[in-house]
Amino acid sequence: TGTNATGIPQPVSTTCMACHGMTGISPSGSMFPDLAGQWSPYLVKQLNNFRSHTRADPMAKAIMWGMAASLTPAQVQQVANYFSTQTPPKAKMANAKLAAEGKKIYEGGISNLHVPACMACHGPTGLGDPPYFPRLAGQRRAYVELQLHYFKKGLRTNDPHAIMRYVASRLTAPQITELATYVRSL
Ligand code: HEM
Ligand code: HEM
């Protein structure tokens with residue numbers, strides 16, 4: 001479990017940084033998730049889910065299965081601790097109108113469809129709640145959209161109690177865009 005001279009875990013400096021950035025901020029305009037400031041237990045769970053193939057959506061299969069397989073269990077813990085302690089992504093407002101629509105669902109749910117408010121689990125400002133509920137604040141729009149579509153289609157099935165599949169199945173594509181725009185602005 002080596003680190004280089006600046007304290008960056010060896011897998012990060014040789015591999016992960018290509019897509020997730022040296023400090024967990026992915027290249028601008030990319031759909032790779034920002035990992036900086038994400039809760040360590042959530043990162044460990046995802047890496048273990050990639051390793052056991054229980055997170056089996058198309059991008060997981062195509063890219064992250066191989067990446068996660070190359071880590072030892074000690075390195076899984078090491079990279080999760082490292083990314084969780086990096087400075088989280090900065091809020092970015094792309095479209096205030098879309099974000100305002102997203103905020104309504106995020107904070108109020110959709111009562112006639114029995115969609116719970118996102119903030120019940122992900123927190124009023126998207127900070128999440130360890131160990132189970134990931135941070136969403138500042139996360140990349142394209143990544144959040146992709147994951148919500150994966151849950152909606154039943155392609156990502158590693159969510160405990162199928163809660164995210166339930167929620168996303170009741171969202172329309174425009175609502176998914178609004179929510180992704182909103183969480184990026186948090
Ligand atoms: C997702 C870690 C290397 C592309 C993730 C996630 C973690 C992670 C924890 C899940 C994030 C979340 O659920 O919010 C790592 C580590 C790496 C690594 C520790 C080095 C060992 C890479 C590389 C690429 C990449 C090199 C690009 C070639 C992706 C993509 C996703 C992802 C596309 C989303 C997968 C999906 O949609 O299911 N990564 N990653 N990662 N990573 Fe990596
Ligand atoms: C994961 C969004 C409501 C519990 C996620 C992810 C997104 C998301 C984008 C994936 C994060 C990542 O890959 O980094 C939303 C939105 C919601 C919502 C927009 C409202 C429409 C909820 C609610 C709960 C919940 C109400 C709890 C009852 C979870 C859990 C995970 C998760 C446990 C982690 C799944 C795993 O372990 O892989 N959510 N969420 N979410 N969400 Fe939600």
# chains A, B, ... in the order shown; residues from 1 in each chain; ligands from 1
call {"tool": "residues_near_ligand", "arguments": {"ligand": "ligand 2", "cutoff": "8 Å", "atoms": "only C-alpha atoms and all ligand atoms", "output": "mmCIF file with C-alpha atoms, in the first residue's frame"}}
result
data_model
loop_
_atom_site.group_PDB
_atom_site.id
_atom_site.type_symbol
_atom_site.label_atom_id
_atom_site.label_comp_id
_atom_site.auth_asym_id
_atom_site.auth_seq_id
_atom_site.Cartn_x
_atom_site.Cartn_y
_atom_site.Cartn_z
ATOM 1 C CA PRO A 33 -17.679 10.922 -11.101
ATOM 2 C CA TYR A 42 -19.654 4.461 0.359
ATOM 3 C CA LYS A 45 -18.854 -0.383 -0.874
ATOM 4 C CA GLN A 46 -18.798 0.674 -4.532
ATOM 5 C CA ARG A 55 -22.593 -3.194 -9.563
ATOM 6 C CA ILE A 105 -38.460 17.342 -6.278
ATOM 7 C CA TYR A 106 -35.261 17.123 -4.242
ATOM 8 C CA GLY A 109 -40.612 14.498 -3.604
ATOM 9 C CA VAL A 115 -41.599 9.525 -4.570
ATOM 10 C CA PRO A 116 -39.873 10.465 -1.317
ATOM 11 C CA ALA A 117 -37.852 13.665 -1.070
ATOM 12 C CA CYS A 118 -34.229 13.052 -2.045
ATOM 13 C CA MET A 119 -33.157 15.151 0.915
ATOM 14 C CA ALA A 120 -34.632 12.611 3.326
ATOM 15 C CA CYS A 121 -31.624 10.418 2.600
ATOM 16 C CA HIS A 122 -29.068 12.610 0.802
ATOM 17 C CA TYR A 132 -25.114 4.326 3.312
ATOM 18 C CA PHE A 133 -26.163 7.593 1.723
ATOM 19 C CA PRO A 134 -23.679 9.123 -0.732
ATOM 20 C CA ARG A 135 -22.857 12.785 -1.045
ATOM 21 C CA LEU A 136 -24.470 14.281 -4.176
ATOM 22 C CA GLN A 139 -21.419 15.838 -8.418
ATOM 23 C CA TYR A 143 -22.745 11.204 -14.143
ATOM 24 C CA VAL A 144 -25.820 11.777 -11.953
ATOM 25 C CA GLU A 145 -28.092 11.572 -15.000
ATOM 26 C CA GLN A 147 -26.805 6.710 -12.736
ATOM 27 C CA LEU A 148 -30.478 7.720 -12.405
ATOM 28 C CA THR A 157 -28.941 -3.007 -8.927
ATOM 29 C CA ASN A 158 -26.531 -2.576 -5.994
ATOM 30 C CA ASP A 159 -28.779 -0.126 -4.108
ATOM 31 C CA PRO A 160 -29.878 -1.564 -0.734
ATOM 32 C CA ILE A 163 -34.639 2.141 -2.991
ATOM 33 C CA MET A 164 -32.984 4.024 -5.849
ATOM 34 C CA VAL A 167 -37.318 6.312 -6.852
ATOM 35 C CA ALA A 168 -35.783 6.566 -10.340
ATOM 36 C CA LEU A 171 -38.903 9.974 -12.605
ATOM 37 C CA ILE A 176 -33.756 13.433 -14.101
ATOM 38 C CA LEU A 179 -32.387 16.837 -10.475
ATOM 39 C CA ALA A 180 -28.887 16.383 -11.900
ATOM 40 C CA VAL A 183 -27.378 18.621 -7.249
#
call {"tool": "residues_near_ligand", "arguments": {"ligand": "ligand 1", "cutoff": "6 Å", "atoms": "only C-alpha atoms and all ligand atoms", "output": "list in words"}}
result
Pro11, Val12, Thr15, Cys16, Ala18, Cys19, Phe32, Pro33, Leu43, Gln46, Leu47, Asp57, Met59, Ala60, Ile63, Met64, Met67, Ala68 and Val79 of chain A
call {"tool": "select_by_dssp", "arguments": {"residues": "range 36-156 of chain A", "states": "helix (DSSP H, G or I)", "output": "tab-separated table (two decimals) with C-alpha atoms, in the first residue's frame"}}
result
chain	number	residue	atom	x	y	z
A	40	SER	CA	-15.21	6.57	2.64
A	41	PRO	CA	-17.65	3.72	3.52
A	42	TYR	CA	-19.65	4.46	0.36
A	43	LEU	CA	-16.49	4.40	-1.79
A	44	VAL	CA	-15.40	1.10	-0.20
A	45	LYS	CA	-18.85	-0.38	-0.87
A	46	GLN	CA	-18.80	0.67	-4.53
A	47	LEU	CA	-15.28	-0.68	-5.10
A	48	ASN	CA	-16.26	-3.96	-3.47
A	49	ASN	CA	-19.44	-4.05	-5.56
A	50	PHE	CA	-17.32	-3.60	-8.72
A	51	ARG	CA	-14.98	-6.35	-7.51
A	58	PRO	CA	-22.60	-0.91	-18.60
A	59	MET	CA	-19.92	1.60	-17.53
A	60	ALA	CA	-19.15	-0.41	-14.40
A	61	LYS	CA	-18.60	-3.51	-16.52
A	62	ALA	CA	-16.68	-1.74	-19.26
A	63	ILE	CA	-14.32	0.22	-17.04
A	64	MET	CA	-14.55	-0.13	-13.27
A	65	TRP	CA	-14.60	-3.92	-12.95
A	66	GLY	CA	-11.05	-4.08	-14.26
A	67	MET	CA	-9.87	-1.09	-12.25
A	68	ALA	CA	-11.28	-2.40	-8.98
A	69	ALA	CA	-9.99	-5.92	-9.61
A	73	PRO	CA	-8.41	-5.05	-0.13
A	74	ALA	CA	-5.92	-2.81	1.71
A	75	GLN	CA	-5.66	-0.54	-1.35
A	76	VAL	CA	-9.48	-0.31	-1.55
A	77	GLN	CA	-9.48	1.11	1.99
A	78	GLN	CA	-6.46	3.31	1.25
A	79	VAL	CA	-7.85	4.96	-1.91
A	80	ALA	CA	-11.29	5.41	-0.27
A	81	ASN	CA	-9.73	7.16	2.72
A	82	TYR	CA	-7.61	9.28	0.39
A	83	PHE	CA	-10.45	10.48	-1.87
A	84	SER	CA	-12.83	11.05	1.05
A	96	ALA	CA	-31.17	28.22	-12.86
A	97	LYS	CA	-34.57	27.32	-14.29
A	98	LEU	CA	-33.83	23.59	-14.48
A	99	ALA	CA	-32.20	23.68	-11.05
A	100	ALA	CA	-35.29	25.32	-9.52
A	101	GLU	CA	-37.46	22.49	-10.86
A	102	GLY	CA	-34.98	19.94	-9.55
A	103	LYS	CA	-34.99	21.59	-6.13
A	104	LYS	CA	-38.76	21.10	-5.82
A	105	ILE	CA	-38.46	17.34	-6.28
A	106	TYR	CA	-35.26	17.12	-4.24
A	107	GLU	CA	-36.92	18.79	-1.25
A	108	GLY	CA	-40.55	17.77	-1.67
A	111	SER	CA	-46.42	12.97	-3.55
A	112	ASN	CA	-48.99	11.59	-6.01
A	113	LEU	CA	-46.36	9.10	-7.27
A	119	MET	CA	-33.16	15.15	0.91
A	120	ALA	CA	-34.63	12.61	3.33
A	121	CYS	CA	-31.62	10.42	2.60
A	122	HIS	CA	-29.07	12.61	0.80
A	141	ARG	CA	-24.41	16.37	-14.01
A	142	ALA	CA	-23.75	13.81	-16.73
A	143	TYR	CA	-22.75	11.20	-14.14
A	144	VAL	CA	-25.82	11.78	-11.95
A	145	GLU	CA	-28.09	11.57	-15.00
A	146	LEU	CA	-26.43	8.36	-16.14
A	147	GLN	CA	-26.81	6.71	-12.74
A	148	LEU	CA	-30.48	7.72	-12.40
A	149	HIS	CA	-31.17	6.24	-15.85
A	150	TYR	CA	-29.27	3.08	-14.88
A	151	PHE	CA	-31.40	2.74	-11.72
A	152	LYS	CA	-34.58	3.53	-13.67
A	153	LYS	CA	-33.85	0.82	-16.24
call {"tool": "residues_around", "arguments": {"residues": "Gly37 in chain A", "least_positions_apart": "6", "cutoff": "6 Å", "atoms": "only C-alpha atoms", "output": "ChimeraX atom specification"}}
result
/A:84-88
call {"tool": "write_last_selection", "arguments": {"atoms": "N, CA and C atoms", "output": "PDB file, in the first residue's frame"}}
result
ATOM      1  N   SER A  84     -11.828  10.462   0.142  1.00  0.00           N
ATOM      2  CA  SER A  84     -12.833  11.046   1.047  1.00  0.00           C
ATOM      3  C   SER A  84     -12.299  12.278   1.770  1.00  0.00           C
ATOM      4  N   THR A  85     -10.988  12.400   1.883  1.00  0.00           N
ATOM      5  CA  THR A  85     -10.414  13.538   2.605  1.00  0.00           C
ATOM      6  C   THR A  85      -9.948  14.660   1.672  1.00  0.00           C
ATOM      7  N   GLN A  86     -10.212  14.527   0.369  1.00  0.00           N
ATOM      8  CA  GLN A  86      -9.867  15.612  -0.571  1.00  0.00           C
ATOM      9  C   GLN A  86     -10.997  16.650  -0.608  1.00  0.00           C
ATOM     10  N   THR A  87     -10.658  17.856  -1.044  1.00  0.00           N
ATOM     11  CA  THR A  87     -11.638  18.951  -1.095  1.00  0.00           C
ATOM     12  C   THR A  87     -12.746  18.634  -2.091  1.00  0.00           C
ATOM     13  N   PRO A  88     -14.022  18.647  -1.637  1.00  0.00           N
ATOM     14  CA  PRO A  88     -15.131  18.273  -2.522  1.00  0.00           C
ATOM     15  C   PRO A  88     -15.279  19.225  -3.710  1.00  0.00           C
TER      16      PRO A  88
END
call {"tool": "atom_distance", "arguments": {"atom1": "CA of Thr23 in chain A", "atom2": "CA of Pro9 in chain A"}}
result
10.7 Å
